[in-house]
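> Take this structure, written in structure tokens, and hold onto it; I'll ask about it next.
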Amino acid sequence: MSKKDLIDAVAKECELTKEKAGSVVDAALAHIKAVLKDGGEVRIPDFGSFKVASRKAREGRNPATGATIKIPASRVPKFSPAKGLKDALN
């Protein structure tokens, strides 16, 4: 499902115009992004939770040359599905 498909589904389900549904989807995604950027966690019941995890700096290899490179530490988003989502899939 693409963002456009999600906007179309929200518009149909909530009886909104596509422009208003697009604003709703954009606002929700922007808020999730802002909370994660601040190091917070977003929990959506029966769907899952989004968290920020830290990766340590490490060494890697350039596959083209085989040379060793340093990969800096970084923060990455993590998603953990809720039991309700897992149950819906199985």
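In the structure tokens, chains take letters A, B, ... by order of appearance, with residues numbered from 1 within each chain and ligands from 1 in the order shown.
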Write out as a PyMOL selection string each polymer residue whose atoms come within 6 Å of range 45-60 of chain A, counting only C-alpha atoms; drop sequence neighbours fewer than 2 positions from it.

chain A and resi 41-43+68-82+84-85

> List every residue of chain A that DSSP, applied to the backbone of this structure, assigns to strand (DSSP E or B), and report them as a PyMOL selection string.

chain A and resi 42-44+48-55+58-61+68-71+74-81

> Just to confirm, what's the straight-line distance from CA of Ala9 in chain A to CA of Val24 in chain A in Å (one decimal)?

11.9 Å

> Could you name the residues that touch Lys3 in chain A at 9 Å or less, counting only C-alpha atoms, but leaving out those on the same chain fewer than 4 positions away, as a list in words?

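Close residues of Lys3 in chain A: Ile7, Asp8, Gly22 and Val25 of chain A.
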
> For those residues, write N, CA and C atoms to a file as a PDB file, in the first residue's frame.


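out34.pdb, written as the output of this step:
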```
ATOM      1  N   ILE A   7      -4.295   7.383   1.751  1.00  0.00           N
ATOM      2  CA  ILE A   7      -5.122   8.596   1.707  1.00  0.00           C
ATOM      3  C   ILE A   7      -6.492   8.283   1.108  1.00  0.00           C
ATOM      4  N   ASP A   8      -6.515   7.517   0.038  1.00  0.00           N
ATOM      5  CA  ASP A   8      -7.786   7.137  -0.586  1.00  0.00           C
ATOM      6  C   ASP A   8      -8.658   6.333   0.384  1.00  0.00           C
ATOM      7  N   GLY A  22      -5.611  13.652   2.977  1.00  0.00           N
ATOM      8  CA  GLY A  22      -4.160  13.803   2.817  1.00  0.00           C
ATOM      9  C   GLY A  22      -3.568  14.630   3.938  1.00  0.00           C
ATOM     10  N   VAL A  25      -3.460  12.359   7.102  1.00  0.00           N
ATOM     11  CA  VAL A  25      -2.369  11.389   7.028  1.00  0.00           C
ATOM     12  C   VAL A  25      -1.020  12.092   7.208  1.00  0.00           C
TER      13      VAL A  25
END
```

> Choose the residue, out of A:Ile44, A:Lys37, A:Lys4, A:Arg61, that has the smallest atom-to-atom separation from Glu19 in chain A; count only C-alpha atoms.

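The closest residue to Glu19 in chain A is A:Lys4.
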